[in-house]
Every structure is written in structure tokens, then in C-alpha cells.
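Right, one structure below, let's go through it.
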Amino acid sequence: MNKRTCLAAMALGLLSCTVHAQSAAPYPNKPVKLLVGFAPGGAADHVARSMSDAFGRALGTSVVVENRAGAGSSIAAEIVAKAPADGYTVLIASPSSISVNPALNPKLGYTPKDLAPVTKITTSPLVIAANPNIGINSLQDLIARAKKEPGRINYATSGNGSAPHLGGALFTQLANVELTHIPFRGGGPAIQSLIAGDTQVTFGTPPSVLPMIQAGRLKGLAVSTPERTALVPGVPGMREAGLPDYGIEFWYGIFVPAATPAPVVKKIYEAAQAAMGQANVKAALNREGTDVDLSKSSEQFAAFLQEDAKFWVKLVKSAGVKLD
């Protein structure tokens with residue numbers, strides 16, 4: 001072997017060792033992307049940004065929140081489902097992308113089986129709120145107006161198939177009224193339309209609605225749980241508001257591509273649990289009407305999803321919810 005050949009062989013050997021060392025580096029060794037399927041300003045965005053710093057510290061790397069709004073959060077879910085299964089692309093998702101959208105659209109570019117559940121992290125009620133200038137000051141006012149003017153009241157939500165959309169659909173069923181659904185690409189834009197008077201009512205997420213109620217720019221009519229909740233002070237529950245059969249809550253959870261190695265899933269699970277257990281994270285979420293609600297294991301979360309999907313799919317079918 002001549003000198004040039006020997007040097008080349010040594011260089012290749014060093015390169016091989018370097019590549020092997022990089023591939024064998026423990027997870028994580030670069031930033032993690034946390035994808036949100038809705039526009040900034042809504043509940044999913046608020047949960048993601050409230051936990052991201054603590055989540056990153058627990059993981060030992062930076063966590064970058066990325067909003068990929070559209071198609072009722074299906075765009076973000078599909079991106080994560082098709083991403084490399086290495087733990088660097090993580091989804092924060094609600095029932096819309098996991099249960100509802102697949103039930104509404106069998107032609108989606110992913111199925112729930114393409115996403116591995118890691119842990120549930122929060123639960124929240126919805127808040128029914130109205131533009132304060134339209135003379136609707138209670139849930140009974142809304143029902144009376146909707147019966148008098150069928151289809152004339154527009155309700156804004158964070159998108160087709162979202163929990164707020166289905167909250168409105170359930171309301172029209174139980175109250176026997178007709179409202180017109182106006183979907184947006186996130187809770188923030190939906191609430192802006194309501195404040196501007198382009199829509200009249202919302203079935204909104206607390207982070208989107210609460211600050212506007214507290215500022216007097218929206219009128220809170222009811223929360224979507226049967227009883228009042230300390231998460232949304234001063235707003236009656238559905239029983240008190242006159243619709244006792246109504247009850248709905250939504251959750252957010254962490255998901256990764258289905259083939260993600262079990263040790264990586266475990267590390268993400270443990271980091272999410274640690275982050276959501278931080279007092280400052282809990283306080284930030286509680287201020288915006290959201291409760292920390294953690295799964296005891298990834299397996300428990302998977303079992304919960306199987307049962308939870310039955311509720312959402314049944315509601316989609318009984319309410320005749322469509323994507324268009």
C-alpha cells in the first residue's frame with residue numbers, strides 16, 4: 001500500500017468512526033420540534049408554549065414550537081405521522097386529529113395508527129361566549145334567538161372537526177336550534193371575528209375566550225361542563241344555564257410517529273410528565289382555564305383513546321358533521 005492509499009484509507013476509517021459515533025449518540029442530540037395543528041393564539045398553541053421550556057429542560061435539549069395550521073389540525077398530524085421515527089418531531093394533538101378527522105375523512109394522508117400515543121397532558125371545558133353588543137346575555141337568550149331566527153346566528157370555531165365545532169354541533173342537537181358554523185384556522189382568528197362582529201357566538205377554548213371575557217369584550221354564557229368550574233370563574237355550568245343534558249370536555253396529548261423506538265417514547269413520556277408537573281406550568285395553564293391531566297403510562301393513554309374515540313365518532317355521526 002503506497003502512502004497516498006494509506007492516508008485515504010485512514011481518512012475513510014476516521015469518517016466511518018465519526019458517522020458511527022453520531023448515529024450512536026444518545027437521544028436527544030439536537031432540537032425537538034413540537035408541532036401544533038392550529039394558528040397561534042388558541043388553546044393548543046398556549047399549551048405547547050406554556051410547557052415547551054420545561055419540556056426542553058427535562059429532555060436536555062431545546063424544544064421549538066411550530067404552528068402548522070389547517071384541515072382541522074390534520075396537516076400537522078400528517079407531517080408527524082410521516083416524519084422520521086426518531087423522536088425529533090412531536091405532535092400536540094386533540095381529539096380532532098386523532099378521532100374526529102379520520103371519522104370525517106377516510107382519505108386523510110394518515111390514520112391514527114400512524115401515530116404512537118405518549119401521554120395525555122391537559123383537559124379543558126369549552127366556553128360558550130357571545131359578542132356583547134348583540135343582546136344575548138345568557139344561554140337561554142341564545143336558544144330563544146336561535147329559535148326565532150333559525151340559521152341567522154353564526155358561531156366561530158377553530159376549524160372543521162375541532163372540539164369547538166363539535167361542541168356547537170352537540171348544542172344544536174340538544175337545544176333543537178339551527179346555528180351556522182364558521183370555521184377558522186385556529187382559536188385566535190375565530191375570536192377576532194367574534195369581537196369584530198363578523199360572527200355572533202363561539203364555542204371556544206378557554207385560552208382563546210377567557211381574556212376577552214375578563215376584558216369585557218365578550219360575554220360568557222356558560223361552560224360546557226354540567227357544573228361550574230373554578231377554571232372559568234363567574235360563568236355558569238350547563239345545568240345552571242338551563243341545558244342539563246349537555247356535557248363535553250376536550251384534551252391535549254403528545255404523539256410521535258408510530259415506529260418511534262420504545263426507549264425514545266419513554267424519554268419523551270418522562271419529560272412531558274416532568275414538565276407538566278412544574279408549578280409554574282400548572283399555574284400558567286390554570287390561568288387560561290386548562291387543567292393538567294396526565295396519563296399514568298403510554299399504555300393507559302392508548303386505552304383511553306380507544307374509549308374516547310367512541311364518544312367523538314358517535315357525535316360526528318349523530319350530528320351529521322361534515323368537513324364542507
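Labeling convention for the C-alpha cells: chains A, B, ... as they appear, residues from 1 per chain, ligands from 1 in order of appearance.
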
Set the distance at 9 Å and use only C-alpha atoms: which residues neighbour A:Met238 once local chain neighbours fewer than 6 positions away are removed? I'd like the list as a PyMOL selection string. chain A and resi 139+222-228+244-247

At a cut-off of 12 Å, using only C-alpha atoms, what residues contact A:Thr111? Leave out same-chain residues fewer than 2 positions from it and give the result as an mmCIF file with N, CA and C atoms, in the first residue's frame.
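This is the output file result.cif:
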data_model
loop_
_atom_site.group_PDB
_atom_site.id
_atom_site.type_symbol
_atom_site.label_atom_id
_atom_site.label_comp_id
_atom_site.auth_asym_id
_atom_site.auth_seq_id
_atom_site.Cartn_x
_atom_site.Cartn_y
_atom_site.Cartn_z
ATOM 1 N N SER A 74 -55.286 18.398 10.787
ATOM 2 C CA SER A 74 -54.822 17.190 10.096
ATOM 3 C C SER A 74 -53.471 17.395 9.409
ATOM 4 N N ALA A 77 -50.805 16.687 11.941
ATOM 5 C CA ALA A 77 -50.811 15.254 12.266
ATOM 6 C C ALA A 77 -50.175 14.434 11.154
ATOM 7 N N GLU A 78 -50.456 14.790 9.910
ATOM 8 C CA GLU A 78 -49.877 14.045 8.789
ATOM 9 C C GLU A 78 -48.361 14.260 8.713
ATOM 10 N N ILE A 79 -47.913 15.483 8.974
ATOM 11 C CA ILE A 79 -46.475 15.762 8.954
ATOM 12 C C ILE A 79 -45.758 14.878 9.971
ATOM 13 N N VAL A 80 -46.316 14.796 11.167
ATOM 14 C CA VAL A 80 -45.676 13.988 12.207
ATOM 15 C C VAL A 80 -45.778 12.502 11.879
ATOM 16 N N ALA A 81 -46.923 12.070 11.374
ATOM 17 C CA ALA A 81 -47.095 10.655 11.030
ATOM 18 C C ALA A 81 -46.068 10.195 10.001
ATOM 19 N N LYS A 82 -45.682 11.108 9.096
ATOM 20 C CA LYS A 82 -44.751 10.753 8.021
ATOM 21 C C LYS A 82 -43.300 11.155 8.317
ATOM 22 N N SER A 97 -57.701 15.653 15.546
ATOM 23 C CA SER A 97 -56.809 14.980 14.599
ATOM 24 C C SER A 97 -56.668 13.498 14.862
ATOM 25 N N ILE A 98 -57.015 13.041 16.076
ATOM 26 C CA ILE A 98 -56.831 11.633 16.418
ATOM 27 C C ILE A 98 -58.100 10.816 16.174
ATOM 28 N N SER A 99 -59.259 11.374 16.466
ATOM 29 C CA SER A 99 -60.512 10.622 16.353
ATOM 30 C C SER A 99 -61.481 11.203 15.332
ATOM 31 N N VAL A 100 -61.643 12.528 15.367
ATOM 32 C CA VAL A 100 -62.716 13.162 14.596
ATOM 33 C C VAL A 100 -62.407 13.207 13.109
ATOM 34 N N ASN A 101 -61.253 13.773 12.743
ATOM 35 C CA ASN A 101 -60.938 13.926 11.323
ATOM 36 C C ASN A 101 -60.867 12.598 10.577
ATOM 37 N N PRO A 102 -60.266 11.552 11.152
ATOM 38 C CA PRO A 102 -60.309 10.256 10.467
ATOM 39 C C PRO A 102 -61.736 9.737 10.264
ATOM 40 N N ALA A 103 -62.631 10.054 11.213
ATOM 41 C CA ALA A 103 -64.030 9.630 11.052
ATOM 42 C C ALA A 103 -64.733 10.440 9.965
ATOM 43 N N LEU A 104 -64.337 11.707 9.811
ATOM 44 C CA LEU A 104 -64.952 12.575 8.809
ATOM 45 C C LEU A 104 -64.387 12.346 7.411
ATOM 46 N N ASN A 105 -63.116 11.978 7.338
ATOM 47 C CA ASN A 105 -62.446 11.903 6.035
ATOM 48 C C ASN A 105 -61.564 10.657 5.942
ATOM 49 N N PRO A 106 -62.072 9.575 5.389
ATOM 50 C CA PRO A 106 -61.268 8.352 5.257
ATOM 51 C C PRO A 106 -60.119 8.487 4.269
ATOM 52 N N LYS A 107 -60.068 9.604 3.527
ATOM 53 C CA LYS A 107 -58.999 9.800 2.542
ATOM 54 C C LYS A 107 -57.838 10.635 3.093
ATOM 55 N N LEU A 108 -57.792 10.814 4.404
ATOM 56 C CA LEU A 108 -56.666 11.537 5.000
ATOM 57 C C LEU A 108 -55.347 10.852 4.649
ATOM 58 N N GLY A 109 -54.271 11.628 4.696
ATOM 59 C CA GLY A 109 -52.953 11.073 4.385
ATOM 60 C C GLY A 109 -52.317 10.332 5.540
ATOM 61 N N LYS A 113 -53.382 5.025 13.566
ATOM 62 C CA LYS A 113 -52.363 4.005 13.823
ATOM 63 C C LYS A 113 -50.962 4.463 13.408
ATOM 64 N N ASP A 114 -50.887 5.542 12.617
ATOM 65 C CA ASP A 114 -49.581 6.072 12.209
ATOM 66 C C ASP A 114 -48.937 6.921 13.304
ATOM 67 N N LEU A 115 -49.668 7.146 14.387
ATOM 68 C CA LEU A 115 -49.172 7.978 15.482
ATOM 69 C C LEU A 115 -49.173 7.167 16.779
ATOM 70 N N ALA A 116 -48.076 7.209 17.485
ATOM 71 C CA ALA A 116 -47.976 6.497 18.758
ATOM 72 C C ALA A 116 -48.339 7.442 19.902
ATOM 73 N N PRO A 257 -44.353 9.610 15.725
ATOM 74 C CA PRO A 257 -44.557 8.615 14.667
ATOM 75 C C PRO A 257 -44.601 7.194 15.237
ATOM 76 N N ALA A 258 -45.409 6.348 14.638
ATOM 77 C CA ALA A 258 -45.713 5.032 15.208
ATOM 78 C C ALA A 258 -44.497 4.146 15.431
#

Extract, using only C-alpha atoms, all DNA, RNA and protein residues at most 6 Å from stretch 171-184 of chain A, discarding same-chain residues fewer than 5 positions from it, and format them as a list in words.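 The neighbour list is Ala146, Lys147, Pro150, Gly151, Ile153, Asn154, Tyr155, Ala156, Thr157, Ser158, Gly159, Asn160 and Ala190 of chain A.
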
Skipping near chain neighbours, those fewer than 2 positions away, what residues fall within 9 Å of stretch 34-51 of chain A using only C-alpha atoms, listed as an NGL selection string? :A and (32 or 53-56 or 63-77 or 79-80 or 88-94 or 97 or 121-122 or 158-159 or 185-189 or 204-209 or 252 or 272 or 275-276 or 278 or 280-282 or 284-285 or 288 or 290)

Please, which residues of stretch 118-196 of chain A, numbered as in this document, come out helix (DSSP H, G or I) from DSSP, as a ChimeraX atom specification? /A:139-148,163-175,187-196

Please save N, CA and C atoms of the selected residues as a short mmCIF file (atom, residue, chain, number, x, y, z; two decimals), in the first residue's frame.
data_model
loop_
_atom_site.label_atom_id
_atom_site.label_comp_id
_atom_site.auth_asym_id
_atom_site.auth_seq_id
_atom_site.Cartn_x
_atom_site.Cartn_y
_atom_site.Cartn_z
N LEU A 139 -77.44 31.75 28.13
CA LEU A 139 -77.64 30.63 27.22
C LEU A 139 -79.09 30.57 26.76
N GLN A 140 -80.02 30.90 27.65
CA GLN A 140 -81.43 30.90 27.27
C GLN A 140 -81.74 32.00 26.26
N ASP A 141 -81.05 33.13 26.36
CA ASP A 141 -81.19 34.17 25.33
C ASP A 141 -80.75 33.63 23.97
N LEU A 142 -79.62 32.89 23.97
CA LEU A 142 -79.11 32.33 22.72
C LEU A 142 -80.10 31.34 22.12
N ILE A 143 -80.64 30.48 22.95
CA ILE A 143 -81.60 29.49 22.45
C ILE A 143 -82.85 30.18 21.90
N ALA A 144 -83.35 31.18 22.62
CA ALA A 144 -84.55 31.90 22.18
C ALA A 144 -84.30 32.62 20.86
N ARG A 145 -83.15 33.28 20.74
CA ARG A 145 -82.82 34.00 19.49
C ARG A 145 -82.66 33.01 18.33
N ALA A 146 -82.01 31.89 18.60
CA ALA A 146 -81.79 30.91 17.54
C ALA A 146 -83.10 30.28 17.08
N LYS A 147 -84.04 30.09 17.98
CA LYS A 147 -85.35 29.55 17.59
C LYS A 147 -86.15 30.57 16.78
N LYS A 148 -85.97 31.84 17.15
CA LYS A 148 -86.69 32.91 16.45
C LYS A 148 -86.10 33.17 15.07
N ALA A 163 -62.84 20.38 18.48
CA ALA A 163 -63.72 20.23 19.64
C ALA A 163 -64.75 21.35 19.73
N PRO A 164 -64.38 22.63 19.48
CA PRO A 164 -65.40 23.68 19.48
C PRO A 164 -66.49 23.46 18.42
N HIS A 165 -66.11 22.97 17.24
CA HIS A 165 -67.10 22.67 16.21
C HIS A 165 -68.09 21.63 16.72
N LEU A 166 -67.56 20.56 17.31
CA LEU A 166 -68.44 19.51 17.80
C LEU A 166 -69.22 19.95 19.03
N GLY A 167 -68.63 20.86 19.83
CA GLY A 167 -69.38 21.42 20.94
C GLY A 167 -70.60 22.18 20.45
N GLY A 168 -70.43 22.94 19.36
CA GLY A 168 -71.57 23.64 18.76
C GLY A 168 -72.58 22.69 18.16
N ALA A 169 -72.09 21.63 17.52
CA ALA A 169 -73.00 20.65 16.92
C ALA A 169 -73.84 19.95 17.98
N LEU A 170 -73.21 19.61 19.11
CA LEU A 170 -73.97 18.97 20.19
C LEU A 170 -75.00 19.94 20.75
N PHE A 171 -74.64 21.21 20.86
CA PHE A 171 -75.58 22.22 21.37
C PHE A 171 -76.80 22.32 20.47
N THR A 172 -76.60 22.37 19.16
CA THR A 172 -77.76 22.50 18.25
C THR A 172 -78.67 21.28 18.36
N GLN A 173 -78.07 20.11 18.60
CA GLN A 173 -78.88 18.90 18.79
C GLN A 173 -79.74 19.00 20.04
N LEU A 174 -79.10 19.27 21.16
CA LEU A 174 -79.80 19.22 22.45
C LEU A 174 -80.75 20.40 22.65
N ALA A 175 -80.39 21.56 22.10
CA ALA A 175 -81.26 22.73 22.24
C ALA A 175 -82.29 22.80 21.12
N GLY A 187 -58.13 29.11 17.12
CA GLY A 187 -58.99 29.81 18.05
C GLY A 187 -58.80 31.31 18.02
N GLY A 188 -57.55 31.76 17.84
CA GLY A 188 -57.27 33.20 17.80
C GLY A 188 -58.04 33.92 16.72
N PRO A 189 -57.95 33.48 15.46
CA PRO A 189 -58.71 34.13 14.39
C PRO A 189 -60.23 34.05 14.60
N ALA A 190 -60.69 32.94 15.18
CA ALA A 190 -62.13 32.80 15.44
C ALA A 190 -62.61 33.86 16.42
N ILE A 191 -61.85 34.06 17.48
CA ILE A 191 -62.26 35.04 18.49
C ILE A 191 -62.17 36.46 17.94
N GLN A 192 -61.20 36.74 17.10
CA GLN A 192 -61.11 38.07 16.49
C GLN A 192 -62.34 38.36 15.64
N SER A 193 -62.85 37.33 14.95
CA SER A 193 -64.07 37.54 14.14
C SER A 193 -65.27 37.84 15.02
N LEU A 194 -65.29 37.22 16.19
CA LEU A 194 -66.40 37.44 17.12
C LEU A 194 -66.34 38.84 17.71
N ILE A 195 -65.17 39.28 18.09
CA ILE A 195 -65.01 40.63 18.63
C ILE A 195 -65.37 41.68 17.57
N ALA A 196 -65.01 41.40 16.32
CA ALA A 196 -65.30 42.34 15.23
C ALA A 196 -66.77 42.36 14.85
#

Could you work out how far atom CA of A:Phe304 lies from atom CA of A:Pro112, giving the answer in Å with one decimal?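 If I compute the distance from atom CA of A:Pro112 to atom CA of A:Phe304, I get 13.6 Å.
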
Give me the residues near A:Val232 as a ChimeraX atom specification, where near means some atom within 9 Å (using only C-alpha atoms) and where sequence neighbours in that chain fewer than 2 positions away do not count. /A:125,127,206,210,223,228-230,234-236,287-289

Please report the interatomic distance between atom CA of A:Val256 and atom CA of A:Tyr110 in Å with one decimal.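 Between atom CA of A:Val256 and atom CA of A:Tyr110 the gap works out to 12.8 Å.
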
Between A:Ser52, A:Ser96, A:Pro31, A:Val118, which is the closest to A:Thr260 once you count only C-alpha atoms? A:Val118

Given the choices A:Gly253, A:Gly220, A:Pro263, A:Pro28, which gets closest to A:Gly237 if the distance is worked out from only C-alpha atoms?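 Distance minimum relative to A:Gly237 lands on A:Gly220.
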
So how many Å separate atom CA of A:Ile136 and atom CA of A:Val201, to one decimal? 9.2 Å

Nearest to A:Glu299: which of A:Ala262, A:Leu243, A:Ala283, A:Leu315 is it, counting only C-alpha atoms? A:Ala262

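Closest approach to A:Ser62 from the set A:Lys30, A:Ser295, A:Ala83, A:Ser124 is made by A:Lys30, with distances taken over only C-alpha atoms.
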
Rank A:Ala129, A:Ala259, A:Val264, A:Ala309 by their smallest atom-to-atom distance to A:Lys219, using only C-alpha atoms, and report the top residue only. A:Ala129
